[in-house]
Amino acid sequence: MFKKIRRALTGYKVKYVSINGLKIKVLYKGEMPSSDPLSALKELKVKLDQTPNSVPITLDFCKYWEERIGYSKGVSPSSIGKFQIENRQYKISRFVTKQNKSPLSLYTFSVNDEVFALFSRVYDYGDFFKEFENELITNFNFKKHETDMNIYHITNEKYSLVIDVFGHSQSFLWNDKVELDKCLGSII
């Protein structure tokens, strides 16, 4: 009875999953998400281990941060994963929206309700990645990778970005490396 009342009030169903001993409360609309709520963090960890060191540039990441956050405004998350590590409350929210005309999956990562990282996948067959890569080459004297490596890790004083293409454009942007490292170290 309580579940039906909660679902009527919030619109979310609730399920608990355990991943690597971490108990995660998953709130979702529609079907239960089939993917691991921590998968984007696991993928980032692998990418950071495999990519060369970050390249510092003077790009205004704040503009990209605000743009990405803006995509989630006025949209209810399709799923929310919540878990606690020590006294820190983590939340991963997934939003389904559009970037221009392309479908967009946007994940926000927060601790104690403060967003510290964003992951986005634009279903555009790599168009956004190519556009961003061209901007790096044109405005920041980047050299296109000689190999088939389609990934860049760039940073400035506050933000870091890993952008790549794996069928579609993907980016992981964060503004708090200390918090990201704590989260990655605790779950992986």
# chains A, B, ... in the order shown; residues from 1 in each chain; ligands from 1

call {"tool": "residues_around", "arguments": {"residues": "A:Phe119", "least_positions_apart": "3", "cutoff": "7 Å", "atoms": "only C-alpha atoms", "output": "CSV table (one decimal) with N, CA and C atoms, in the first residue's frame"}}
result
chain,number,residue,atom,x,y,z
A,106,LEU,N,21.6,12.8,-20.2
A,106,LEU,CA,22.4,13.6,-19.4
A,106,LEU,C,22.4,13.0,-18.0
A,107,TYR,N,23.5,12.8,-17.4
A,107,TYR,CA,23.6,12.3,-16.0
A,107,TYR,C,24.3,13.4,-15.2
A,108,THR,N,23.7,13.7,-14.0
A,108,THR,CA,24.3,14.6,-13.1
A,108,THR,C,24.8,13.8,-11.9
A,171,SER,N,30.7,13.0,-23.4
A,171,SER,CA,31.6,13.9,-22.7
A,171,SER,C,31.3,13.7,-21.2
A,172,PHE,N,32.4,13.8,-20.4
A,172,PHE,CA,32.3,13.8,-19.0
A,172,PHE,C,33.0,15.0,-18.5
A,173,LEU,N,32.3,15.9,-17.8
A,173,LEU,CA,32.8,17.2,-17.4
A,173,LEU,C,32.7,17.3,-15.9

call {"tool": "closest_residue", "arguments": {"among": "A:Trp174, A:Leu104, A:Tyr28, A:Val96", "to": "A:Glu66", "atoms": "only C-alpha atoms"}}
result
A:Trp174

call {"tool": "closest_residue", "arguments": {"among": "A:Thr138, A:Tyr64, A:Ser186, A:Asn175", "to": "A:Glu86", "atoms": "only C-alpha atoms"}}
result
A:Ser186

call {"tool": "closest_residue", "arguments": {"among": "A:Lys182, A:Arg121, A:Lys15, A:Lys143", "to": "A:Phe166", "atoms": "only C-alpha atoms"}}
result
A:Arg121

call {"tool": "select_by_dssp", "arguments": {"residues": "chain A", "states": "helix (DSSP H, G or I)", "output": "PDB file with C-alpha atoms, in the first residue's frame"}}
result
ATOM      1  CA  PHE A   2       2.778   2.418   0.940  1.00  0.00           C
ATOM      2  CA  LYS A   3       4.534   1.777  -2.400  1.00  0.00           C
ATOM      3  CA  LYS A   4       1.360   2.628  -4.332  1.00  0.00           C
ATOM      4  CA  ILE A   5       0.865   5.856  -2.389  1.00  0.00           C
ATOM      5  CA  ARG A   6       4.523   6.881  -2.852  1.00  0.00           C
ATOM      6  CA  ARG A   7       4.357   6.084  -6.583  1.00  0.00           C
ATOM      7  CA  ALA A   8       1.151   8.125  -6.928  1.00  0.00           C
ATOM      8  CA  LEU A   9       2.760  11.106  -5.180  1.00  0.00           C
ATOM      9  CA  THR A  10       6.219  11.029  -6.793  1.00  0.00           C
ATOM     10  CA  SER A  39      28.653   2.550 -15.370  1.00  0.00           C
ATOM     11  CA  ALA A  40      29.512   6.111 -16.476  1.00  0.00           C
ATOM     12  CA  LEU A  41      31.907   6.449 -13.522  1.00  0.00           C
ATOM     13  CA  LYS A  42      33.489   3.080 -14.294  1.00  0.00           C
ATOM     14  CA  GLU A  43      33.932   4.072 -17.955  1.00  0.00           C
ATOM     15  CA  LEU A  44      35.512   7.376 -16.915  1.00  0.00           C
ATOM     16  CA  LYS A  45      37.982   5.576 -14.656  1.00  0.00           C
ATOM     17  CA  VAL A  46      39.060   3.352 -17.558  1.00  0.00           C
ATOM     18  CA  LYS A  47      39.363   6.339 -19.918  1.00  0.00           C
ATOM     19  CA  LEU A  48      41.442   8.325 -17.421  1.00  0.00           C
ATOM     20  CA  ASP A  49      43.767   5.346 -17.010  1.00  0.00           C
ATOM     21  CA  GLN A  50      44.128   4.936 -20.791  1.00  0.00           C
ATOM     22  CA  PHE A  61      34.288  25.535 -19.469  1.00  0.00           C
ATOM     23  CA  CYS A  62      31.773  27.427 -17.342  1.00  0.00           C
ATOM     24  CA  LYS A  63      29.791  28.081 -20.530  1.00  0.00           C
ATOM     25  CA  TYR A  64      29.637  24.341 -21.277  1.00  0.00           C
ATOM     26  CA  TRP A  65      28.819  23.519 -17.648  1.00  0.00           C
ATOM     27  CA  GLU A  66      25.884  25.949 -17.574  1.00  0.00           C
ATOM     28  CA  GLU A  67      24.677  24.727 -20.976  1.00  0.00           C
ATOM     29  CA  ARG A  68      24.662  21.104 -19.790  1.00  0.00           C
ATOM     30  CA  ILE A  69      22.959  21.958 -16.489  1.00  0.00           C
ATOM     31  CA  GLY A  70      20.404  23.950 -18.495  1.00  0.00           C
ATOM     32  CA  TYR A  71      19.360  20.825 -20.400  1.00  0.00           C
ATOM     33  CA  SER A  72      18.146  19.302 -17.121  1.00  0.00           C
ATOM     34  CA  ASP A 127      28.736  15.200 -35.001  1.00  0.00           C
ATOM     35  CA  PHE A 128      29.193  17.107 -31.712  1.00  0.00           C
ATOM     36  CA  PHE A 129      32.571  15.441 -31.158  1.00  0.00           C
ATOM     37  CA  LYS A 130      33.743  16.432 -34.660  1.00  0.00           C
ATOM     38  CA  GLU A 131      32.541  20.008 -34.122  1.00  0.00           C
ATOM     39  CA  PHE A 132      34.336  20.207 -30.755  1.00  0.00           C
ATOM     40  CA  GLU A 133      37.482  18.599 -32.199  1.00  0.00           C
ATOM     41  CA  ASN A 134      37.521  21.157 -35.025  1.00  0.00           C
ATOM     42  CA  GLU A 135      37.226  23.965 -32.448  1.00  0.00           C
ATOM     43  CA  LEU A 136      40.220  22.542 -30.549  1.00  0.00           C
ATOM     44  CA  ILE A 137      42.281  22.268 -33.737  1.00  0.00           C
ATOM     45  CA  THR A 138      41.310  25.717 -35.027  1.00  0.00           C
ATOM     46  CA  ASN A 139      41.386  27.767 -31.818  1.00  0.00           C
ATOM     47  CA  PHE A 140      43.853  25.919 -29.595  1.00  0.00           C
ATOM     48  CA  LYS A 177      38.421  16.750  -8.951  1.00  0.00           C
ATOM     49  CA  VAL A 178      38.755  16.026  -5.225  1.00  0.00           C
ATOM     50  CA  GLU A 179      35.112  14.938  -4.985  1.00  0.00           C
ATOM     51  CA  LEU A 180      35.317  12.952  -8.209  1.00  0.00           C
ATOM     52  CA  ASP A 181      38.434  11.152  -6.958  1.00  0.00           C
ATOM     53  CA  LYS A 182      36.710  10.341  -3.636  1.00  0.00           C
ATOM     54  CA  CYS A 183      33.705   8.944  -5.462  1.00  0.00           C
ATOM     55  CA  LEU A 184      35.786   6.926  -7.947  1.00  0.00           C
ATOM     56  CA  GLY A 185      37.990   5.598  -5.158  1.00  0.00           C
ATOM     57  CA  SER A 186      35.014   4.504  -3.090  1.00  0.00           C
ATOM     58  CA  ILE A 187      33.014   2.678  -5.740  1.00  0.00           C
TER      59      ILE A 187
END

call {"tool": "select_by_dssp", "arguments": {"residues": "stretch 59-167 of chain A", "states": "strand (DSSP E or B)", "output": "PyMOL selection string"}}
result
chain A and resi 79-85+88-99+102-111+114-122+151-155+160-166

call {"tool": "closest_residue", "arguments": {"among": "A:Asn141, A:Asn53, A:Ser35, A:Thr58", "to": "A:Arg94", "atoms": "only C-alpha atoms"}}
result
A:Ser35

call {"tool": "atom_distance", "arguments": {"atom1": "atom CA of A:Tyr12", "atom2": "atom CA of A:Tyr123"}}
result
25.5 Å

call {"tool": "atom_distance", "arguments": {"atom1": "atom CA of A:Ile151", "atom2": "atom CA of A:Ser110"}}
result
24.6 Å

call {"tool": "closest_residue", "arguments": {"among": "A:His168, A:Lys91, A:Lys13, A:Lys25", "to": "A:Phe116", "atoms": "only C-alpha atoms"}}
result
A:Lys91

call {"tool": "closest_residue", "arguments": {"among": "A:Ile24, A:Ile163, A:Ile80, A:Val111", "to": "A:Gly126", "atoms": "only C-alpha atoms"}}
result
A:Ile163
